[in-house]
Every structure is written in structure tokens, then in C-alpha cells.
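Quick notes on the structure that follows.
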Amino acid sequence: MFVRLLLILALVCAAPALAVAQSDPDPAAEAQAKAQEEAQAQIDAANAQIDRLKAEIALLQKDLTATTAQKQTLQNAIKALDLQIQKLQKSVTLTTAQISQKDKEIGKISGTIQTTAQKIAQARDGVAETLRELQQADEEALTTALLGGATLSSFFDEQVTLGSLRSTLQNKMEDLSGLKHDLEEDKQSAESKRKELANLKTNLTQQKQGVSATKNEQASLLAVTKSKESEYQKLIAQKQAEEAKFEAVLYELSSQLGTADASHIPAARRGVLQWPLDSVVVTQQFGRTIDAARLYTSGTHDGIDLRALVGTPVRAALSGVVQEINQGAVANCQYGKWVLVKHQNGLSTLYAHLSRISVAKGDSVSTGDAVGLAGSTGYATGPHLHFTLYLSESVTFKQYSCKNGRAVTIPIAAPNAYLNPLSYLPSR
């Protein structure tokens with residue numbers, strides 16, 4: 001009986017993360033624990049920095065919103081661009097801090113996974129040895145007990161004890177394996193998040209470049225107008241007149257295409273498309289639009305206008321293939337820089353007045369992928385996104401002559417092939 005008790009004691013000592021770790025501290029484990037504490041301190045510091053940056057960005061956004069709501073003047077346009085650049089620079093800094101934070105989290109999780117894996121390996125060796133000893137004890141138990149004069153009852157009691165020990169060891173093994181699995185999932189999740197943040201940093205850098213380019217254009221405008229507000233207002237009025245002329249030509253060309261067959265397109269339903277902007281404010285509706293600011297010559301608006309500051313990411317509303325783009329060789333004409341995406345469900349979407357295009361003709365895009373950055377190219381008196389929804393089979397391309405005599409390509413469709421995007425987009 002004494003020998004059996006010694007065996008059970010030895011088996012318990014072989015269980016992972018039990019008596020050995022408690023009585024004899026492992027220097028490597030202590031070093032790992034200290035490293036984990038330091039990593040957590042760095043993560044906490046990064047979180048504090050992120051919170052500060054978010055607060056600063058919120059203040060810049062508040063100033064930016066107030067500035068863009070003011071009367072359209074040259075001074076306000078420059079101020080808005082300055083604020084947008086500051087906001088984007090802060091956003092880039094924020095994203096960099098978030099990426100660094102995720103790096104630290106991944107490092108912390110990786111260290112924990114490594115430590116856990118080592119414990120599991122040790123536990124597995126201990127369990128294997130324990131099971132071998134238990135098997136040997138099982139084989140010898142009955143003979144030893146009978147020859148030693150033990151009662152059958154005491155023998156079965158010891159068997160129950162050994163069986164319970166086997167179950168305990170197995171449970172410990174499963175617990176450690178489960179912990180490793182959970183930590184590996186955490187690491188995968190953190191790495192995925194870091195990839196998302198790296199992509200976001202790239203997008204924000206592109207936004208900053210787009211705003212800087214537009215600011216340079218505005219600075220050139222200051223030079224051309226000699227900083228005279230009256231000259232700036234004349235240019236705004238000229239753009240409005242050219243826009244009205246373009247709308248009239250667009251409507252005339254569209255009317256020549258007859259009627260499109262709309263029998264096989266998706267029924268109008270919210271959520272067929274996703275919003276092309278992260279933040280949505282509709283400034284012009286689809287269809288007949290008459291207000292104090294604008295009256296389209298055709299009496300109709302072939303898409304919707306969405307508020308978007310220069311450099312705002314413009315995203316594909318649905319997966320598809322880029323059918324055509326205009327990089328803006330004549331950026332101050334018609335739609336300016338635009339992207340047309342053809343979708344598999346018989347619809348096509350147009351993204352116009354961009355400051356920068358991020359895709360090429362023939363590219364495949366997924367829902368939410370950036371196709372460009374918002375701007376004010378073309379006949380736009382201020383930065384925004386013009387978003388048009390077509391029946392794909394009706395879309396064709398025509399040449400349009402700009403005021404300077406340059407010809408550019410524009411997408412045209414039959415009048416009934418222009419669909420109301422709000423009927424297909426999610427509810428706001």
C-alpha cells in the first residue's frame with residue numbers, strides 16, 4: 001500500500017503546471033511574465049495616445065464642418081482644405097499608432113502561445129510517462145494485491161483512485177490544448193486587424209496626397225485671381241453655367257437612345273448596393289430637382305450628390321469590373337475624373353468629380369474597395385461625390401466637347417436606364 005501511495009504521489013507531481021512550478025520557480029517563466037507585463041504597459045500607453053489623437057481629430061472635424069457650412073468663398077475654400085489636411089495628417093498618425101499597438105499585442109500573444117506550447121509539450125511527456133506507469137501498475141496490481149494479502153475491496157478502491165488520476169491528467173491536457181487553440185485564434189485575429197490598419201494607413205496617405213494636390217490647385221487659383229474674391233465668384237458662376245449646358249447636352253443625347261429594357265434587372269430594394277462613402281449626407285436628390293441653388297436645364301438630376309470633402313475615400317457600392325475611367329486630361333470639364341463599375345446583376349455605378357482614381361480599366365473590385373478619392377473636378381462648384389446608377393446594357397459612350405475645345409468621353413444611357421440610387425441603397 002505504501003508503494004502504491006508513492007506511485008500516486010509521483011503521478012500527481014508529473015501533472016502539468018502543478019507542484020514543480022509552485023515549489024521551484026522557473027527563471028524563464030519569470031522572465032516571460034515580466035516581458036508580458038512590459039508589453040501590456042506599452043499597449044496601455046499606445047491606447048492613451050490613440051484616445052488623445054481621436055479627440056484631436058474630433059475637434060478638427062468640428063471646425064471643418066463649421067467652415068464648409070459657411071458661405072462659399074475663396075478664403076473658406078482654402079481654410080477647409082487646410083483643416084482637411086491637418087485632419088488627415090492626424091489620422092495617419094492615429095493609424096500608425098494603432099498599427100504599432102497591434103504589433104505589441106501580437107508580440108504579447110505570440111509569447112504567451114510559445115509559453116503555452118512549451119507547457120503542453122511538457123504536459124504531454126508527463127502524461128505519456130504517467131500512462132505507462134499506470135498501465136504497468138494496472139497489470140501488476142491484481143497479482144501484487146492477491147499475493148500481498150490485500151483485500152479485494154482495497155484493491156478496487158485503489159483502482160478507482162488511479163482511474164480518477166488518469167481522468168484528471170487527461171482534463172489538464174485538454175485544458176492546455178484548448179488554451180493554445182484560443183491563443184492561436186487571438187493571434188490570427190490580431191494579425192488580420194493589423195493588415196486592415198496597414199491598408200487604412202495607405203488609404204489615408206493617398207487622401208493626404210489628394211488634398212495636398214487640390215490645395216495646390218486652389219493656391220494656383222489664388223494666383224490667377226490675384227486673391228480677388230470677385231474673380232473667384234465669377235469662376236464659380238462660370239462653372240455653374242457650364243454645368244447647366246452639360247446637363248442639357250446629356251439629356252439630349254440620352255433622349256436619342258430610346259427606351260431600355262428594364263425587365264431583368266434587380267427589383268428596387270434597399271441594400272442591393274452599399275453606400276460609396278463611410279459618412280453619408282445627401283445634398284442633391286435624384287430626378288426633378290429645383291431649389292434655390294440649382295435648376296438643371298433638363299429639369300432632372302441623373303444621380304445623387306453626396307457631401308464629401310476632398311480626399312475622402314470613395315468605395316465600390318457593389319462588386320464588379322471597372323468598365324471605364326476618365327483620369328481627367330480635362331479635369332475641369334463635365335464629370336471631371338470618374339470611374340464606371342459594371343456589376344453582375346445588370347447594374348452599373350458611376351463615381352464622379354474625383355480628385356484621384358485608385359483603379360484601372362478592367363480591374364475587379366469588391367464591395368467597399370476604394371475606387372478613388374472625392375474631389376471637385378469637372379463642373380463642380382465644391383467638393384462632393386456625384387453617384388449615378390444605370391441599367392448596364394443601356395450604357396454607351398459619347399464624345400463631349402469642353403469649353404476649351406478638348407473632347408472627352410462621357411457615359412450615356414436611355415432616360416429610363418437612369419435609376420434612383422436611393423431605391424437600392426441601405427436606409428440611412
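Naming works like this for the C-alpha cells: A, B, ... for the chains as they're shown, residue 1 at the start of each chain, ligands 1 onward in shown order.
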
Considering only C-alpha atoms, return as number ranges by chain whatever protein or nucleic-acid residues lie within 9 Å of region 46-63 of chain A, sequence-local ones (same chain, fewer than 5 positions apart) excluded.
-> A: 41, 68, 80, 83-84, 86-88, 90-91, 93-95, 97-98, 100-101

Write out as a list in words all residues of region 45-289 of chain A that backbone DSSP assigns to strand (DSSP E or B).
->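 The residues of region 45-289 of chain A classed as strand (DSSP E or B) are Val282, Thr283, Gln284 and Gly287 of chain A.
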
Test item: residues at most 7 Å from region 383-394 of chain A, only C-alpha atoms, excluding those fewer than 3 positions along its chain, as an NGL selection string = :A and (260 or 302-310 or 342 or 346-353 or 374-376 or 380 or 413-414 or 417-421)

Nearest to Lys108 (chain A): which of A:Ala123, A:Ala190, A:Ala370, A:Ala77 is it, counting only C-alpha atoms?
->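 Comparing A:Ala123, A:Ala190, A:Ala370, A:Ala77 against Lys108 (chain A), the winner is A:Ala190.
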
Leaving out Val359 (chain A) and any residue of its chain fewer than 4 positions from it, which residues lie within 10 Å of it when counting only C-alpha atoms, given as a PyMOL selection string?
-> chain A and resi 322+324-325+339+363-365+369-372

Give the alpha helix (DSSP H) residues of region 160-375 of chain A, as DSSP finds them on the backbone, and put them as number ranges by chain.
-> A: 160-225, 229-255
